[in-house]
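**Student:** Starting off with a structure, shown below.
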Amino acid sequence: MLDKVLVATTNRGKLREFREIFSQYGIEIISLDDMEQKISVEEDRKTFLENAVKKAKTYGDFYNMPVIAEDAGLEVEALGGYPGVYSARFYSIDFGGKEEINRDKDEANINKLLRLLKDKKNRKARFVSIVVFYSPENTGIWTEGYCYGTIAEKPVGDKGFGYDPIFIPEGYNRTMAQLEPEEKNRISHRGKAVRKLIEILNKLSFQI
Ligand code: ITT
């Protein structure tokens, strides 16, 4: 039976959402802050799945405990799928010119995306979440979740994190950063991927 799992993310917004989504299943979430020995994992692969598998296996083998890792990002149709796997450091990559950081990386990423989409009619985008569960002596499972929407003309809202202030989910006239956490988790890529994972773990009698 699985009673605790390490959610191996360095992103505070992601960790908070994992805790919220898992809260109803009575499983203890451990974070990287709780671990005495620290390691870092470079996300140098070309796909979300490869990066997520690399994170889950590296942390799981190092700490010898069940781990959940995620690679997530935003894919914008008019930019051929960019920022994609580069979402976290989009501001600094060669594609479309680099962006200076004034306040933080999230803001620089958003500024760059809005600059590249200026005057573009097609503003379709989707959030992607690939979640990997890895248990060193047992098994590995992955699930995916998507949230479709459009990119707003300017940032609005202060909830969530990352690209939320410029992402308007399908069927809404507000950005993801204007939604209450429960509502975001209900429709988000992460919420969908995590709930699928829990369903599979239950079937395999991990009994989350
Ligand atoms: P870890 O790898 O340590 O988990 P990270 O921030 O590097 O942390 P990712 O590589 O998965 O995580 O990068 C995801 C980036 O995509 C993240 O930094 C955000 O900019 C963006 N992102 C992912 N999920 C998001 C969400 O729900 N809302 C807004 N932006 C999101």
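Just remember, in the structure tokens the first chain shown is A, the second B, etc., residues are 1-based per chain, and ligands are 1-based in the order shown.
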Contacts of Lys120 in chain A at 12 Å or less, counting only C-alpha atoms, minus same-chain residues fewer than 6 places along, as a list in words?

**Tutor:**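 Answer for this query is Val76, Glu77, Ala78, Leu79, Leu113, Leu114, Thr150, Ile151, Ala152 and Glu153 of chain A.
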
**Student:** If you keep N, CA, C and O atoms, can you produce a file of those selected residues as a PDB file, in the first residue's frame?

**Tutor:**
ATOM      1  N   VAL A  76       1.752  26.592 -28.085  1.00  0.00           N
ATOM      2  CA  VAL A  76       0.999  27.616 -28.806  1.00  0.00           C
ATOM      3  C   VAL A  76       1.006  27.283 -30.296  1.00  0.00           C
ATOM      4  O   VAL A  76       2.078  27.126 -30.895  1.00  0.00           O
ATOM      5  N   GLU A  77      -0.205  27.168 -30.857  1.00  0.00           N
ATOM      6  CA  GLU A  77      -0.344  26.697 -32.243  1.00  0.00           C
ATOM      7  C   GLU A  77       0.416  27.581 -33.237  1.00  0.00           C
ATOM      8  O   GLU A  77       1.179  27.079 -34.064  1.00  0.00           O
ATOM      9  N   ALA A  78       0.245  28.901 -33.133  1.00  0.00           N
ATOM     10  CA  ALA A  78       0.868  29.827 -34.099  1.00  0.00           C
ATOM     11  C   ALA A  78       2.395  29.848 -33.980  1.00  0.00           C
ATOM     12  O   ALA A  78       3.078  30.376 -34.856  1.00  0.00           O
ATOM     13  N   LEU A  79       2.930  29.280 -32.895  1.00  0.00           N
ATOM     14  CA  LEU A  79       4.397  29.238 -32.729  1.00  0.00           C
ATOM     15  C   LEU A  79       4.916  27.815 -32.944  1.00  0.00           C
ATOM     16  O   LEU A  79       6.007  27.465 -32.467  1.00  0.00           O
ATOM     17  N   LEU A 113       6.164  35.797 -24.943  1.00  0.00           N
ATOM     18  CA  LEU A 113       5.069  35.147 -25.669  1.00  0.00           C
ATOM     19  C   LEU A 113       4.120  36.186 -26.271  1.00  0.00           C
ATOM     20  O   LEU A 113       3.727  36.088 -27.450  1.00  0.00           O
ATOM     21  N   LEU A 114       3.789  37.207 -25.499  1.00  0.00           N
ATOM     22  CA  LEU A 114       2.875  38.240 -26.005  1.00  0.00           C
ATOM     23  C   LEU A 114       3.516  39.017 -27.147  1.00  0.00           C
ATOM     24  O   LEU A 114       2.851  39.385 -28.120  1.00  0.00           O
ATOM     25  N   THR A 150      -7.070  29.767 -25.215  1.00  0.00           N
ATOM     26  CA  THR A 150      -6.467  30.782 -26.082  1.00  0.00           C
ATOM     27  C   THR A 150      -5.591  31.718 -25.242  1.00  0.00           C
ATOM     28  O   THR A 150      -5.747  31.803 -24.022  1.00  0.00           O
ATOM     29  N   ILE A 151      -4.686  32.410 -25.925  1.00  0.00           N
ATOM     30  CA  ILE A 151      -3.790  33.346 -25.244  1.00  0.00           C
ATOM     31  C   ILE A 151      -4.412  34.749 -25.255  1.00  0.00           C
ATOM     32  O   ILE A 151      -4.770  35.266 -26.322  1.00  0.00           O
ATOM     33  N   ALA A 152      -4.523  35.332 -24.059  1.00  0.00           N
ATOM     34  CA  ALA A 152      -5.131  36.663 -23.906  1.00  0.00           C
ATOM     35  C   ALA A 152      -4.212  37.743 -24.486  1.00  0.00           C
ATOM     36  O   ALA A 152      -3.030  37.504 -24.751  1.00  0.00           O
ATOM     37  N   GLU A 153      -4.770  38.961 -24.635  1.00  0.00           N
ATOM     38  CA  GLU A 153      -3.969  40.081 -25.167  1.00  0.00           C
ATOM     39  C   GLU A 153      -3.021  40.634 -24.116  1.00  0.00           C
ATOM     40  O   GLU A 153      -1.954  41.157 -24.423  1.00  0.00           O
TER      41      GLU A 153
END

**Student:** Using the chain letters and numbers from this document, which residues of range 9-185 of chain A does DSSP assign to helix (DSSP H, G or I), as JSON, numbers by chain?

**Tutor:** {"A": [12, 13, 14, 15, 16, 17, 18, 19, 20, 21, 22, 23, 24, 25, 32, 33, 34, 48, 49, 50, 51, 52, 53, 54, 55, 56, 57, 58, 59, 60, 61, 62, 63, 77, 78, 79, 84, 85, 86, 87, 88, 89, 90, 91, 92, 105, 106, 107, 108, 109, 110, 111, 112, 113, 114, 115, 116, 164, 165, 166, 176, 177, 178, 181, 182, 183, 184, 185]}

**Student:** Counting only C-alpha atoms and all ligand atoms, what are the residues, protein, DNA or RNA alike, that approach ligand 1 to within 6 Å? I want them as a PyMOL selection string.

**Tutor:** chain A and resi 9-11+70-73+87-88+106+161-164

**Student:** Can you spit out the residues from that selection as a tab-separated table (two decimals), in the first residue's frame, using all heavy atoms?

**Tutor:**
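result_14.tsv, freshly written:
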chain	number	residue	atom	x	y	z
A	9	THR	N	9.31	18.15	-7.41
A	9	THR	CA	9.29	19.36	-8.23
A	9	THR	C	9.97	20.50	-7.47
A	9	THR	O	9.88	20.57	-6.24
A	9	THR	CB	7.86	19.78	-8.61
A	9	THR	OG1	7.94	20.99	-9.38
A	9	THR	CG2	6.97	20.03	-7.40
A	10	THR	N	10.63	21.37	-8.23
A	10	THR	CA	11.26	22.55	-7.62
A	10	THR	C	10.35	23.77	-7.78
A	10	THR	O	10.72	24.86	-7.38
A	10	THR	CB	12.61	22.85	-8.32
A	10	THR	OG1	12.33	23.05	-9.72
A	10	THR	CG2	13.59	21.71	-8.16
A	11	ASN	N	9.19	23.56	-8.38
A	11	ASN	CA	8.28	24.66	-8.67
A	11	ASN	C	7.20	24.74	-7.58
A	11	ASN	O	6.41	23.82	-7.42
A	11	ASN	CB	7.66	24.40	-10.06
A	11	ASN	CG	6.75	25.52	-10.51
A	11	ASN	OD1	5.91	25.99	-9.74
A	11	ASN	ND2	6.91	25.94	-11.75
A	70	GLU	N	6.66	15.51	-12.81
A	70	GLU	CA	5.84	16.01	-13.92
A	70	GLU	C	6.70	16.86	-14.83
A	70	GLU	O	7.56	17.61	-14.37
A	70	GLU	CB	4.70	16.87	-13.37
A	70	GLU	CG	3.79	17.42	-14.48
A	70	GLU	CD	3.05	18.69	-14.06
A	70	GLU	OE1	3.70	19.61	-13.51
A	70	GLU	OE2	1.83	18.75	-14.29
A	71	ASP	N	6.47	16.74	-16.13
A	71	ASP	CA	6.97	17.78	-17.02
A	71	ASP	C	5.75	18.40	-17.68
A	71	ASP	O	4.87	17.68	-18.16
A	71	ASP	CB	7.95	17.23	-18.06
A	71	ASP	CG	8.85	18.36	-18.58
A	71	ASP	OD1	9.22	19.24	-17.78
A	71	ASP	OD2	9.17	18.37	-19.78
A	72	ALA	N	5.69	19.72	-17.62
A	72	ALA	CA	4.50	20.41	-18.11
A	72	ALA	C	4.91	21.58	-18.96
A	72	ALA	O	6.08	21.98	-18.96
A	72	ALA	CB	3.66	20.90	-16.93
A	73	GLY	N	3.96	22.15	-19.66
A	73	GLY	CA	4.27	23.33	-20.45
A	73	GLY	C	3.09	23.78	-21.28
A	73	GLY	O	2.01	23.18	-21.24
A	87	SER	N	9.12	25.73	-21.83
A	87	SER	CA	8.22	26.69	-21.17
A	87	SER	C	8.84	27.39	-19.97
A	87	SER	O	8.66	28.59	-19.78
A	87	SER	CB	6.93	25.98	-20.73
A	87	SER	OG	6.20	25.59	-21.86
A	88	ALA	N	9.57	26.64	-19.13
A	88	ALA	CA	10.10	27.23	-17.89
A	88	ALA	C	11.17	28.28	-18.18
A	88	ALA	O	11.34	29.22	-17.42
A	88	ALA	CB	10.65	26.13	-16.99
A	106	ASP	N	8.64	34.13	-14.75
A	106	ASP	CA	7.28	33.99	-15.26
A	106	ASP	C	6.88	35.21	-16.08
A	106	ASP	O	6.31	35.09	-17.18
A	106	ASP	CB	6.27	33.81	-14.11
A	106	ASP	CG	6.31	32.41	-13.51
A	106	ASP	OD1	6.96	31.52	-14.11
A	106	ASP	OD2	5.71	32.21	-12.44
A	161	PHE	N	0.07	30.34	-11.31
A	161	PHE	CA	1.49	30.65	-11.52
A	161	PHE	C	1.79	30.58	-13.01
A	161	PHE	O	0.89	30.31	-13.82
A	161	PHE	CB	2.38	29.67	-10.73
A	161	PHE	CG	2.32	28.25	-11.25
A	161	PHE	CD1	3.29	27.77	-12.13
A	161	PHE	CD2	1.30	27.40	-10.87
A	161	PHE	CE1	3.23	26.47	-12.62
A	161	PHE	CE2	1.24	26.10	-11.36
A	161	PHE	CZ	2.19	25.63	-12.24
A	162	GLY	N	3.05	30.80	-13.35
A	162	GLY	CA	3.49	30.62	-14.75
A	162	GLY	C	2.69	31.44	-15.74
A	162	GLY	O	2.53	32.66	-15.59
A	163	TYR	N	2.19	30.76	-16.77
A	163	TYR	CA	1.47	31.43	-17.86
A	163	TYR	C	-0.02	31.63	-17.55
A	163	TYR	O	-0.77	32.08	-18.42
A	163	TYR	CB	1.60	30.61	-19.15
A	163	TYR	CG	3.02	30.49	-19.67
A	163	TYR	CD1	3.84	29.44	-19.27
A	163	TYR	CD2	3.54	31.42	-20.56
A	163	TYR	CE1	5.15	29.32	-19.75
A	163	TYR	CE2	4.84	31.31	-21.05
A	163	TYR	CZ	5.63	30.26	-20.63
A	163	TYR	OH	6.93	30.15	-21.11
A	164	ASP	N	-0.46	31.30	-16.35
A	164	ASP	CA	-1.90	31.39	-16.03
A	164	ASP	C	-2.52	32.76	-16.34
A	164	ASP	O	-3.65	32.80	-16.84
A	164	ASP	CB	-2.15	31.03	-14.56
A	164	ASP	CG	-2.09	29.52	-14.33
A	164	ASP	OD1	-2.21	28.77	-15.32
A	164	ASP	OD2	-1.92	29.10	-13.17

**Student:** Residues within 9 Å of Lys159 in chain A, please, as a list of chain:residue names. Count only C-alpha atoms; anything in the same chain fewer than 3 positions from it doesn't count.

**Tutor:**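 Here the qualifying residues turn out to be A:Asp164, A:Pro165, A:Met176, A:Ala177, A:Gln178, A:Leu179, A:Glu180, A:Pro181.
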
**Student:** Give me a file of those residues, with N, CA and C atoms, as a PDB file, in the first residue's frame.

**Tutor:**
ATOM      1  N   ASP A 164      -0.462  31.298 -16.349  1.00  0.00           N
ATOM      2  CA  ASP A 164      -1.900  31.391 -16.032  1.00  0.00           C
ATOM      3  C   ASP A 164      -2.524  32.760 -16.342  1.00  0.00           C
ATOM      4  N   PRO A 165      -1.818  33.896 -16.076  1.00  0.00           N
ATOM      5  CA  PRO A 165      -2.456  35.195 -16.338  1.00  0.00           C
ATOM      6  C   PRO A 165      -2.774  35.464 -17.813  1.00  0.00           C
ATOM      7  N   MET A 176      -6.897  31.777 -16.459  1.00  0.00           N
ATOM      8  CA  MET A 176      -6.654  30.739 -15.458  1.00  0.00           C
ATOM      9  C   MET A 176      -6.248  31.379 -14.127  1.00  0.00           C
ATOM     10  N   ALA A 177      -5.586  32.549 -14.183  1.00  0.00           N
ATOM     11  CA  ALA A 177      -5.126  33.214 -12.956  1.00  0.00           C
ATOM     12  C   ALA A 177      -6.266  33.912 -12.219  1.00  0.00           C
ATOM     13  N   GLN A 178      -7.464  33.905 -12.805  1.00  0.00           N
ATOM     14  CA  GLN A 178      -8.636  34.476 -12.125  1.00  0.00           C
ATOM     15  C   GLN A 178      -9.500  33.386 -11.507  1.00  0.00           C
ATOM     16  N   LEU A 179      -9.155  32.129 -11.752  1.00  0.00           N
ATOM     17  CA  LEU A 179      -9.975  31.029 -11.233  1.00  0.00           C
ATOM     18  C   LEU A 179      -9.539  30.652  -9.819  1.00  0.00           C
ATOM     19  N   GLU A 180     -10.513  30.237  -8.999  1.00  0.00           N
ATOM     20  CA  GLU A 180     -10.182  29.714  -7.668  1.00  0.00           C
ATOM     21  C   GLU A 180      -9.408  28.408  -7.868  1.00  0.00           C
ATOM     22  N   PRO A 181      -8.535  28.044  -6.889  1.00  0.00           N
ATOM     23  CA  PRO A 181      -7.726  26.839  -7.045  1.00  0.00           C
ATOM     24  C   PRO A 181      -8.556  25.586  -7.370  1.00  0.00           C
TER      25      PRO A 181
END

**Student:** Given the choices A:Val41, A:Thr139, A:Ile30, A:Asp158, which gets closest to Phe18 in chain A if the distance is worked out from only C-alpha atoms?

**Tutor:**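 Closest residue, counting only C-alpha atoms: A:Ile30.
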
**Student:** List every residue of range 91-148 of chain A that has an atom at most 10 Å from any atom of range 168-172 of chain A, giving for each one its closest atom pair and the distance in Å to one decimal, counting only C-alpha atoms, sorted by chain and then by ascending residue number, as JSON lines.

**Tutor:**
{"residue": "A:Lys124", "atom": "CA", "partner": "A:Ile168", "partner_atom": "CA", "distance": 9.6}
{"residue": "A:Ala125", "atom": "CA", "partner": "A:Pro169", "partner_atom": "CA", "distance": 9.1}
{"residue": "A:Arg126", "atom": "CA", "partner": "A:Pro169", "partner_atom": "CA", "distance": 8.6}
{"residue": "A:Phe127", "atom": "CA", "partner": "A:Pro169", "partner_atom": "CA", "distance": 9.5}
{"residue": "A:Cys147", "atom": "CA", "partner": "A:Pro169", "partner_atom": "CA", "distance": 7.0}
{"residue": "A:Tyr148", "atom": "CA", "partner": "A:Glu170", "partner_atom": "CA", "distance": 5.9}

**Student:** Taking only C-alpha atoms into account, which of A:Pro66, A:Lys118, A:Ile141, A:Glu100 comes nearest Val194 in chain A?

**Tutor:** A:Ile141

**Student:** Leaving out Ser31 in chain A and any residue of its chain fewer than 3 positions from it, which residues lie within 12 Å of it when counting only C-alpha atoms, given as a list in words?

**Tutor:**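 Contacts, with the query itself left out: Lys4, Val5, Leu6, Val7, Ala8, Thr9, Thr10, Asn11, Arg12, Lys14, Leu15, Arg16, Phe18, Arg19, Glu28, Asp34, Met35, Glu36, Lys38, Tyr59, Tyr63, Pro66, Val67, Ile68 and Ala69 of chain A.
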
**Student:** With C-alpha atoms kept, could you save the residues just selected as a compact mmCIF listing (two decimals), in the first residue's frame?

**Tutor:**
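Full text of result27.txt as output:
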# COMPACT_ATOMS: atom_id res chain seq x y z
CA LYS A 4 3.47 8.49 1.08
CA VAL A 5 5.06 9.73 -2.08
CA LEU A 6 7.72 12.28 -2.96
CA VAL A 7 6.45 14.91 -5.38
CA ALA A 8 9.75 15.82 -6.99
CA THR A 9 9.29 19.36 -8.23
CA THR A 10 11.26 22.55 -7.62
CA ASN A 11 8.28 24.66 -8.67
CA ARG A 12 6.28 26.00 -5.69
CA LYS A 14 3.15 23.02 -9.04
CA LEU A 15 3.80 21.58 -5.56
CA ARG A 16 0.88 23.54 -4.09
CA PHE A 18 -0.25 18.60 -6.34
CA ARG A 19 -0.99 18.93 -2.60
CA GLU A 28 1.09 12.04 2.50
CA ASP A 34 11.91 17.63 3.26
CA MET A 35 14.92 15.74 1.91
CA GLU A 36 18.24 16.29 3.65
CA LYS A 38 19.93 17.54 -2.38
CA TYR A 59 14.94 11.16 -7.75
CA TYR A 63 16.03 8.58 -2.44
CA PRO A 66 8.10 6.18 -4.73
CA VAL A 67 8.20 9.43 -6.67
CA ILE A 68 5.84 11.49 -8.76
CA ALA A 69 7.45 13.85 -11.27

**Student:** Could you list, as a ChimeraX atom specification, every residue within 10 Å of range 44-50 of chain A, counting only C-alpha atoms and ignoring same-chain residues fewer than 4 positions away?

**Tutor:** /A:54-56,70-73,84-86,128-132,142-144

**Student:** Please report, as a count of residues only, each residue of chain A to which DSSP assigns strand (DSSP E or B) when run on this structure's backbone.

**Tutor:** 47
